[in-house]
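Data block below; observations after.
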Amino acid sequence: MTHPSIGVAVIGAGMVGRAHANAYRNASTIFDSTLPAVRLVAIADVHQPFAVDAARRYGFERAETDWRAVVDAPDIQAVSVAVANELHREITEAALAAGKHVLCEKPLAPSIADAQAMVDAAAATDRVGAVGFTFRRSPAINAIREEIISGRLGRVRHIVGNYWTDYGFDPHRPMSWRYQGGPGSGVLADIGSHLVDLAEFFCGPTTGVQGTSMTTLITSRPKPLGVAVGHAGGVQLSDERVPVGNEDICTFTAAYDGGTLGTFSLSRVAYGHANTLRLDLFCENGTASFDMTRPAEFSIIDGTPGEAVNGARQVFIGPWHPYVARGLPMDFPTVGHGQNDFFVYQARAFLGQIAGEDKLPPCPDLAHGLHNLRVLDAVVSATDKPVQL
């Protein structure tokens, strides 16, 4: 399909919405300059000051307070859905029906039934329907994956994934949509969806889940008196407290083909860990590790050096690794990058799909987002019954 230009919009001007807006602004500056012109058309958010501020910061033409204005706009061809999970289905279905291409944030929907409806809606059109799993765009994660696929590290035997955050550690942080919903809609859906996806990125489809434990340590939160951005800090609070409906901590194990085992730990109350995603992959011929607090490097140990000097080696990401060459303004070894760049790579891939390019790995489709939800649902179903000792 050919496009003289692609008009883009972002629905949601919170933390992840800003990441999408910034990504669209930069997507046409990386890799080959073969994209159609990208027009930054609109930012929509029900809270007008957020929409206006994001539109101004990232160079979008206008701000809207109703997502329907984006769906109905003839000058918009592609939309990012970056709002609360409970709104994903309605907005995505409407955008697809209006002929828009859609990139929806993870987790795809609040329920499997909603996600299935979104998949069906995409199947009824010829539009691109994609789900955002941004860590798949990490140069270091892809470099490790290449070592596995090439056979140098060999098949993964055991993957250990930890994703620890502290946005919910303070019991006086206000209630928001992130703390509402039943078991599995808390830290598991919010950040565990990333770990489930990354494990499959390395190990293939999940074949089983067991041993789940979930707990809610902060059982109520104060009702906010205003609207907050991001993880709901910096807003005035009322004296009224609202019950928390989902989990703060989740641990579980998963199985993959060939006997590969995964063990996972998730927390949103891990004090001092703002965004600590760590992967350790124990393979047939060696071990590799990645830590999001040091995103432009990874460590590896294999049998390449002699035994007397063998050990874990720190590898700095450079232009010989995925996404770096022409993917950074300074595509040079040891030049840092981070999660915001992953969003740029994701936006570039999404726009390329719309334009009919195949130069980057495509964004996972909505069916993949549905599959991810099925695994999360299995994690919830595998909750252990406590044994009193």
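By convention here, the chains of the structure tokens are called A, B, ... in the order presented, each chain's residues are numbered starting at 1, and ligands are numbered starting at 1 in the order presented.
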
Report task. Give the strand (DSSP E or B) residues of stretch 130-371 of chain A, as DSSP finds them on the backbone, and put them as a ChimeraX atom specification. Result -> /A:130-132,156-164,206-215,220-224,237-243,249-256,261-267,276-283,286-291,297-302,313-316,365

Report task. Determine, counting only C-alpha atoms, which protein, DNA and RNA residues have an atom within 7 Å of an atom of A:Phe316; residues of the same chain fewer than 5 positions away are not included. Present the result as a VMD selection string. Result -> chain A and resid 296 to 298 333 to 334

Next, the residues of the selection above should be written as a PDB file, in the first residue's frame with N, CA and C atoms.
ATOM      1  N   ALA A 296      22.428  -0.036  27.867  1.00  0.00           N
ATOM      2  CA  ALA A 296      23.288  -0.057  26.689  1.00  0.00           C
ATOM      3  C   ALA A 296      24.424  -1.069  26.817  1.00  0.00           C
ATOM      4  N   GLU A 297      24.198  -2.118  27.594  1.00  0.00           N
ATOM      5  CA  GLU A 297      25.207  -3.165  27.736  1.00  0.00           C
ATOM      6  C   GLU A 297      24.536  -4.459  28.176  1.00  0.00           C
ATOM      7  N   PHE A 298      25.275  -5.553  28.050  1.00  0.00           N
ATOM      8  CA  PHE A 298      24.842  -6.826  28.616  1.00  0.00           C
ATOM      9  C   PHE A 298      26.080  -7.601  29.020  1.00  0.00           C
ATOM     10  N   PRO A 333      29.991   2.996  19.690  1.00  0.00           N
ATOM     11  CA  PRO A 333      30.080   2.182  20.905  1.00  0.00           C
ATOM     12  C   PRO A 333      30.123   3.032  22.166  1.00  0.00           C
ATOM     13  N   THR A 334      29.486   2.554  23.192  1.00  0.00           N
ATOM     14  CA  THR A 334      29.388   3.138  24.543  1.00  0.00           C
ATOM     15  C   THR A 334      28.503   4.373  24.609  1.00  0.00           C
TER      16      THR A 334
END

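Here atom CA of A:Ala189 stands at a distance of 24.2 Å from atom CA of A:Pro139.
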
Query raised in the report: A:Pro36, A:Gly132, A:Gly12, A:Gly99: which is nearest A:Ala63, counting only C-alpha atoms?
Result: A:Gly12

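Ranking A:Ser138, A:Ser28, A:Asn85, A:Gln346 by their shortest atom-to-atom distance to A:Val324, with only C-alpha atoms included, puts A:Ser138 first.
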
Query raised in the report: Which residues come within 8 Å of A:Pro183, counting only C-alpha atoms, excluding same-chain residues fewer than 3 positions away, as a ChimeraX atom specification?
Result: /A:186,245-247,380

Requested in this report: Please identify all polymer residues within 9 Å of A:Ala121, counting only C-alpha atoms, omitting same-chain residues fewer than 5 positions from it, and present them as a ChimeraX atom specification.
Outcome: /A:92-93,96-97,116

Query raised in the report: Neighbours of A:Leu370 within 8 Å (only C-alpha atoms; same-chain residues fewer than 3 positions away dropped), as a ChimeraX atom specification?
Result: /A:108,112,115-116,119,366-367,373-374

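Summary of the local environment: counting only C-alpha atoms, residues at most 12 Å from A:Gln180, other than itself and those fewer than 2 positions away along its chain, are Ala84, Asn85, Glu86, Pro110, Pro174, Met175, Ser176, Trp177, Arg178, Gly182, Pro183, Gly184, Ser185, Gly186, Val187, Ala189, Asp190, Thr216, Thr219, Ser220, Arg221, Val242, Pro243, Val244, Gly245, Asn246, Glu247 and Asp248 of chain A.
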
Query raised in the report: What is the distance, in Å and to one decimal place, between atom CA of A:Ala27 and atom CA of A:Pro74?
Result: 21.9 Å

**Report entry** Spatial neighbours of stretch 350-358 of chain A, max dist 10 Å, only C-alpha atoms, sep filter under 2 positions, as a VMD selection string
**Finding:** chain A and resid 1 to 6 8 24 27 to 28 34 to 36 38 77 to 78 101 to 103 127 to 132 344 to 348 360 to 364

Export, as a CSV table (one decimal), in the first residue's frame, the selected residues with N, CA and C atoms.
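Output below, filename out_34.csv:
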chain,number,residue,atom,x,y,z
A,1,MET,N,0.9,-1.2,0.0
A,1,MET,CA,0.0,0.0,0.0
A,1,MET,C,0.9,1.2,0.0
A,2,THR,N,0.5,2.3,-0.6
A,2,THR,CA,1.3,3.5,-0.7
A,2,THR,C,0.5,4.6,0.0
A,3,HIS,N,1.3,5.5,0.7
A,3,HIS,CA,0.7,6.6,1.4
A,3,HIS,C,1.6,7.8,1.0
A,4,PRO,N,1.0,8.9,0.5
A,4,PRO,CA,1.7,10.2,0.3
A,4,PRO,C,2.2,10.7,1.6
A,5,SER,N,1.5,10.5,2.7
A,5,SER,CA,1.9,10.9,4.0
A,5,SER,C,1.1,10.1,5.0
A,6,ILE,N,1.5,10.1,6.3
A,6,ILE,CA,0.8,9.4,7.4
A,6,ILE,C,0.6,10.4,8.5
A,8,VAL,N,-0.5,11.0,12.2
A,8,VAL,CA,-0.5,10.2,13.4
A,8,VAL,C,-1.1,11.0,14.6
A,24,TYR,N,6.9,9.2,17.6
A,24,TYR,CA,6.5,9.6,16.3
A,24,TYR,C,7.3,10.8,15.8
A,27,ALA,N,10.6,9.1,14.6
A,27,ALA,CA,10.7,7.9,13.9
A,27,ALA,C,11.3,8.1,12.5
A,28,SER,N,11.0,9.2,11.8
A,28,SER,CA,11.5,9.4,10.5
A,28,SER,C,12.9,9.8,10.4
A,34,THR,N,13.0,6.3,3.9
A,34,THR,CA,12.0,5.8,2.9
A,34,THR,C,10.6,5.9,3.4
A,35,LEU,N,10.3,6.3,4.6
A,35,LEU,CA,9.0,6.5,5.0
A,35,LEU,C,8.3,7.6,4.3
A,36,PRO,N,7.0,7.5,4.1
A,36,PRO,CA,6.2,8.7,3.7
A,36,PRO,C,6.4,9.8,4.8
A,38,VAL,N,5.7,12.0,7.8
A,38,VAL,CA,4.9,11.7,9.0
A,38,VAL,C,4.4,13.0,9.5
A,77,GLN,N,-4.4,8.9,10.0
A,77,GLN,CA,-4.4,7.6,9.5
A,77,GLN,C,-3.9,6.5,10.5
A,78,ALA,N,-3.1,7.0,11.5
A,78,ALA,CA,-2.6,6.0,12.5
A,78,ALA,C,-2.7,6.6,13.9
A,101,HIS,N,-5.1,2.8,11.3
A,101,HIS,CA,-4.2,1.8,11.8
A,101,HIS,C,-4.0,2.1,13.3
A,102,VAL,N,-3.9,1.0,14.1
A,102,VAL,CA,-3.9,1.1,15.5
A,102,VAL,C,-2.7,0.4,16.2
A,103,LEU,N,-2.0,1.2,17.0
A,103,LEU,CA,-0.9,0.6,17.9
A,103,LEU,C,-1.4,0.7,19.3
A,127,ARG,N,-6.4,-2.9,7.9
A,127,ARG,CA,-5.6,-2.0,8.7
A,127,ARG,C,-4.6,-2.7,9.5
A,128,VAL,N,-3.5,-2.1,9.9
A,128,VAL,CA,-2.5,-2.7,10.8
A,128,VAL,C,-3.1,-2.5,12.2
A,129,GLY,N,-3.2,-3.6,12.9
A,129,GLY,CA,-3.5,-3.7,14.3
A,129,GLY,C,-2.4,-4.3,15.1
A,130,ALA,N,-1.7,-3.5,16.0
A,130,ALA,CA,-0.5,-3.9,16.6
A,130,ALA,C,-0.6,-3.6,18.1
A,131,VAL,N,0.2,-4.4,18.9
A,131,VAL,CA,0.3,-4.2,20.3
A,131,VAL,C,1.7,-3.8,20.7
A,132,GLY,N,1.9,-2.9,21.7
A,132,GLY,CA,3.2,-2.4,22.0
A,132,GLY,C,3.9,-3.2,23.1
A,344,VAL,N,10.9,4.7,20.0
A,344,VAL,CA,11.1,5.2,18.7
A,344,VAL,C,11.3,4.1,17.6
A,345,TYR,N,12.0,3.1,18.0
A,345,TYR,CA,12.2,1.9,17.1
A,345,TYR,C,10.8,1.3,16.8
A,346,GLN,N,10.0,1.2,17.9
A,346,GLN,CA,8.7,0.6,17.7
A,346,GLN,C,7.8,1.4,16.8
A,347,ALA,N,7.8,2.8,16.9
A,347,ALA,CA,7.0,3.6,16.1
A,347,ALA,C,7.5,3.5,14.6
A,348,ARG,N,8.8,3.5,14.4
A,348,ARG,CA,9.4,3.3,13.1
A,348,ARG,C,8.9,2.0,12.4
A,360,LEU,N,12.2,-3.6,9.3
A,360,LEU,CA,12.3,-3.9,10.7
A,360,LEU,C,11.4,-5.0,11.1
A,361,PRO,N,11.7,-5.8,12.1
A,361,PRO,CA,10.7,-6.7,12.6
A,361,PRO,C,9.4,-6.1,12.9
A,362,PRO,N,8.3,-6.6,12.4
A,362,PRO,CA,7.0,-5.9,12.6
A,362,PRO,C,6.6,-5.9,14.1
A,363,CYS,N,5.7,-5.0,14.4
A,363,CYS,CA,5.1,-5.0,15.8
A,363,CYS,C,4.2,-6.2,15.9
A,364,PRO,N,4.2,-6.8,17.1
A,364,PRO,CA,3.3,-8.0,17.3
A,364,PRO,C,1.9,-7.5,17.0

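Atom pair atom CA of A:Ile141 / atom CA of A:Tyr167 has a distance of 24.4 Å (rounded to one decimal).
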
Report summary line: If you count only C-alpha atoms, the residue of A:Thr207, A:Met292, A:Leu195, A:Ala270 closest to A:Asp170 turns out to be A:Ala270

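When only C-alpha atoms are used to measure the gap to A:Ile144, the shortest distance among A:Val156, A:Leu87, A:Leu266, A:Ala9 belongs to A:Val156.
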